[in-house]
Amino acid sequence: IARNLGGETSLAVKREYGHAELTLDPQADHHSYHLFQDVPSPTNVWMSHGDHLESPPNDFVIIGSTSTSAYAAVAHTTLPIYGIQFHPEVTHSVDGSVILRNFVIGICQCEANWTMSSFVDKELERIRNLVGPTGSVIGAVSGGVDSTVAAVLMKRAIGDRFHAVLVDNGVMRLNECEQVKKTLADNLGINLTVADAADLFLGRLKGVTDPEKKRKIIGNTFIEVFETESHRIDEISRQSGLGPIEWLLQGTLYPDVIESISFKGPSATIKSHHNVGGLLENMRLKLIEPLRELFKDEVRALGTLLDIPDELVWRHPFPGPGIAIRVLGEVTPEQVEIARRADHIYIDEIKKAGLYRQISQAYAALLPVRSVGVMGDQRTYEQVIALRAVESKDFMTADWFPMPVETLKRISNRIINEVQGVNRVLYDVSSKPPSTIEFE
């Protein structure tokens with residue numbers, strides 16, 4: 001806004017990533033007061049920028065600042081134009097929802113008539129209109145909350161014309177395929193096919209260390225396997241009179257879209273998501289993404305509304321590329337097994353400690369380094385596990401979870417004693433931003 005209206009911007013001497021204290025200075029007799037109505041001063045906000053406003057445009061006044069950003073919030077003297085440097089849309093901006101409500105409802109005069117129940121009704125109607133009375137959908141499921149909610153929504157929309165497929169890509173959690181089959185097929189009554197493609201995925205990942213290449217290989221191979229499965233299921237579906245397979249269901253969320261594609265303006269692509277940025281250009285199936293405009297907390301609210309059991313609704317997210325992006329460096333069956341077993345111990349211990357629901361996401365990553373250790377009378381030179389646990393509501397921002405020391409001791413002791421090839425365990429204390437939740 002400032003640059004387009006004649007202001008000056010530049011790289012900041014001190015960058016701001018994470019928490020910042022915003023001091024408000026709205027003019028009581030100025031329209032900008034309405035933007036910060038009912039917001040205390042100071043208020044904690046979340047920053048993520050390396051540039052700043054050097055000088056505002058003409059006819060703009062300062063309405064908020066931080067210790068390193070003199071123009072953290074500005075407003076036009078007469079027109080309803082506002083500029084803020086921080087992110088009100090993320091949960092770590094304490095009064096962000098108040099600011100957004102003030103702007104959308106108070107200033108823009110929009111009506112707050114959206115509800116999750118109305119979303120369900122409209123989405124079910126949209127799906128039925130898209131697919132038609134005879135078309136069938138093949139679904140990408142993983143057992144995570146996103147794909148589970150999407151699958152249940154699809155089953156409710158078109159019934160038996162929805163076919164769920166779980167691709168065993170060789171980089172899933174311990175006993176994941178068995179658990180997903182029990183959850184989706186036995187408990188929720190969803191048609192489920194398990195495609196064993198572990199050797200294919202691991203073969204293509206051999207020798208690859210670049211994170212973006214990993215994601216694209218997994219995304220492209222994932223679609224290829226679905227194409228193959230869809231042909232087979234398509235024949236069965238046609239023979240049974242359920243209609244041809246024309247659509248591919250994916251559980252893409254809004255944060256996936258934001259981080260994968262820069263729609264407008266100069267924001268950079270953070271990473272290719274297998275649901276967004278790694279798809280084949282000549283893919284035969286058409287995409288259907290019912291959760292594309294929802295955040296994680298909204299998906300969980302939707303899952304509860306759809307009567308999905310709490311243990312599924314509150315399950316920690318698991319990335320589409322799986323353990324492949326939690327094994328830093330080359331992905332081999334041996335490395336995957338180390339990360340998989342360490343992760344299983346980690347999750348088991350935080351559940352025993354009653355911390356699982358307090359943590360938004362937790363996992364163990366295998367680092368591409370070795371360290372010296374001593375076990376018994378022998379010197380060891382083995383690998384390092386990094387533990388990650390974060391608190392977040394929308395997953396656009398996240399803060400590291402203050403894990404109790406005694407819990408960390410138990411986790412570290414078990415991993416080093418029970419996972420062959422590991423002699424050191426670290427705990428990640430980085431927020432998002434500047435770090436991402438996943439290591440790759």
# chains A, B, ... in the order shown; residues from 1 in each chain; ligands from 1
call {"tool": "residues_around", "arguments": {"residues": "His316 in chain A", "least_positions_apart": "2", "cutoff": "10 Å", "atoms": "only C-alpha atoms", "output": "ChimeraX atom specification"}}
result
/A:144-145,311-314,318-319,347,356-357,359-363
call {"tool": "residues_around", "arguments": {"residues": "range 46-50 of chain A", "least_positions_apart": "4", "cutoff": "6 Å", "atoms": "only C-alpha atoms", "output": "MDAnalysis selection string"}}
result
chainID A and resid 12 15:19 86:87 92:93
call {"tool": "closest_residue", "arguments": {"among": "A:Arg284, A:Arg232, A:Lys182, A:Arg204", "to": "Gly143 in chain A", "atoms": "only C-alpha atoms"}}
result
A:Lys182
call {"tool": "select_by_dssp", "arguments": {"residues": "range 34-157 of chain A", "states": "strand (DSSP E)", "output": "VMD selection string"}}
result
chain A and resid 43 to 55 60 to 65 73 to 76 82 to 84 136 to 140
call {"tool": "write_last_selection", "arguments": {"atoms": "N, CA and C atoms", "output": "short mmCIF file (atom, residue, chain, number, x, y, z; two decimals), in the first residue's frame"}}
result
data_model
loop_
_atom_site.label_atom_id
_atom_site.label_comp_id
_atom_site.auth_asym_id
_atom_site.auth_seq_id
_atom_site.Cartn_x
_atom_site.Cartn_y
_atom_site.Cartn_z
N THR A 43 -0.34 -4.52 22.64
CA THR A 43 -0.89 -5.85 22.36
C THR A 43 0.17 -6.68 21.66
N ASN A 44 0.18 -7.98 21.92
CA ASN A 44 1.17 -8.87 21.29
C ASN A 44 0.71 -9.28 19.90
N VAL A 45 1.61 -9.11 18.93
CA VAL A 45 1.32 -9.47 17.54
C VAL A 45 2.43 -10.36 17.00
N TRP A 46 2.19 -10.92 15.82
CA TRP A 46 3.17 -11.81 15.20
C TRP A 46 3.72 -11.16 13.94
N MET A 47 5.03 -10.98 13.91
CA MET A 47 5.70 -10.37 12.78
C MET A 47 6.42 -11.42 11.93
N SER A 48 6.57 -11.13 10.65
CA SER A 48 7.34 -12.00 9.76
C SER A 48 7.79 -11.17 8.56
N HIS A 49 8.83 -10.36 8.78
CA HIS A 49 9.28 -9.50 7.68
C HIS A 49 10.74 -9.10 7.87
N GLY A 50 11.40 -8.89 6.73
CA GLY A 50 12.77 -8.40 6.74
C GLY A 50 12.88 -7.02 6.15
N ASP A 51 11.74 -6.46 5.70
CA ASP A 51 11.72 -5.11 5.17
C ASP A 51 10.81 -4.26 6.05
N HIS A 52 10.78 -2.96 5.80
CA HIS A 52 9.92 -2.09 6.59
C HIS A 52 9.60 -0.82 5.82
N LEU A 53 8.69 -0.05 6.37
CA LEU A 53 8.30 1.22 5.78
C LEU A 53 9.27 2.30 6.25
N GLU A 54 9.97 2.91 5.32
CA GLU A 54 10.95 3.95 5.65
C GLU A 54 10.24 5.28 5.93
N SER A 55 9.27 5.58 5.11
CA SER A 55 8.45 6.79 5.33
C SER A 55 7.09 6.56 4.69
N PHE A 60 -0.99 10.05 5.30
CA PHE A 60 -1.09 8.88 6.17
C PHE A 60 -0.58 9.24 7.56
N VAL A 61 -1.20 8.67 8.58
CA VAL A 61 -0.76 8.89 9.96
C VAL A 61 -0.37 7.56 10.59
N ILE A 62 0.51 7.63 11.58
CA ILE A 62 0.95 6.44 12.30
C ILE A 62 -0.11 6.09 13.35
N ILE A 63 -0.55 4.83 13.36
CA ILE A 63 -1.51 4.41 14.38
C ILE A 63 -0.99 3.23 15.21
N GLY A 64 0.22 2.76 14.92
CA GLY A 64 0.81 1.68 15.69
C GLY A 64 2.27 1.50 15.39
N SER A 65 3.08 1.13 16.43
CA SER A 65 4.51 0.94 16.23
C SER A 65 5.03 -0.14 17.17
N ALA A 73 1.72 0.23 11.85
CA ALA A 73 0.33 0.38 11.43
C ALA A 73 0.10 1.83 11.04
N VAL A 74 -0.48 2.04 9.86
CA VAL A 74 -0.74 3.40 9.37
C VAL A 74 -2.16 3.46 8.81
N ALA A 75 -2.67 4.68 8.68
CA ALA A 75 -4.01 4.87 8.12
C ALA A 75 -4.06 6.18 7.36
N HIS A 76 -4.88 6.20 6.31
CA HIS A 76 -5.08 7.43 5.54
C HIS A 76 -5.89 8.41 6.38
N TYR A 82 -5.95 1.27 5.24
CA TYR A 82 -5.13 0.93 6.40
C TYR A 82 -3.98 0.03 5.97
N GLY A 83 -2.85 0.18 6.64
CA GLY A 83 -1.71 -0.70 6.39
C GLY A 83 -1.15 -1.20 7.71
N ILE A 84 -0.97 -2.51 7.82
CA ILE A 84 -0.37 -3.08 9.03
C ILE A 84 0.76 -4.02 8.63
N SER A 136 -17.92 -41.16 -10.47
CA SER A 136 -17.31 -41.70 -9.25
C SER A 136 -16.02 -40.95 -8.93
N VAL A 137 -15.64 -41.00 -7.66
CA VAL A 137 -14.46 -40.29 -7.17
C VAL A 137 -13.51 -41.27 -6.52
N ILE A 138 -12.23 -41.13 -6.82
CA ILE A 138 -11.22 -41.92 -6.13
C ILE A 138 -10.53 -40.99 -5.13
N GLY A 139 -10.35 -41.46 -3.90
CA GLY A 139 -9.88 -40.57 -2.84
C GLY A 139 -8.49 -40.89 -2.35
N ALA A 140 -7.72 -39.84 -2.10
CA ALA A 140 -6.40 -39.98 -1.53
C ALA A 140 -6.52 -39.91 -0.01
#
call {"tool": "closest_residue", "arguments": {"among": "A:Gly7, A:Pro317, A:Gly170, A:Pro133", "to": "Tyr71 in chain A", "atoms": "only C-alpha atoms"}}
result
A:Gly7
call {"tool": "residues_around", "arguments": {"residues": "Gln37 in chain A", "least_positions_apart": "3", "cutoff": "8 Å", "atoms": "only C-alpha atoms", "output": "list of chain:residue names"}}
result
A:Tyr33, A:His34, A:Ile99, A:Asn102
call {"tool": "atom_distance", "arguments": {"atom1": "CA of Ser412 in chain A", "atom2": "CA of Leu426 in chain A"}}
result
8.4 Å
call {"tool": "closest_residue", "arguments": {"among": "A:Lys351, A:Arg410, A:Lys296, A:Arg370", "to": "Phe395 in chain A", "atoms": "only C-alpha atoms"}}
result
A:Lys296
call {"tool": "atom_distance", "arguments": {"atom1": "CA of Leu192 in chain A", "atom2": "CA of Ala164 in chain A"}}
result
4.7 Å
call {"tool": "closest_residue", "arguments": {"among": "A:Glu229, A:Glu349, A:Asp399, A:Asp199", "to": "Pro333 in chain A", "atoms": "only C-alpha atoms"}}
result
A:Asp199
call {"tool": "closest_residue", "arguments": {"among": "A:His344, A:Phe295, A:Ser435, A:Gly421", "to": "Val372 in chain A", "atoms": "only C-alpha atoms"}}
result
A:Gly421
call {"tool": "select_by_dssp", "arguments": {"residues": "range 88-206 of chain A", "states": "helix (DSSP H, G or I)", "output": "number ranges by chain"}}
result
A: 96-107, 116-131, 145-161, 176-187, 198-205
call {"tool": "closest_residue", "arguments": {"among": "A:Val369, A:Lys213, A:Val208, A:Ala364", "to": "Asp348 in chain A", "atoms": "only C-alpha atoms"}}
result
A:Ala364
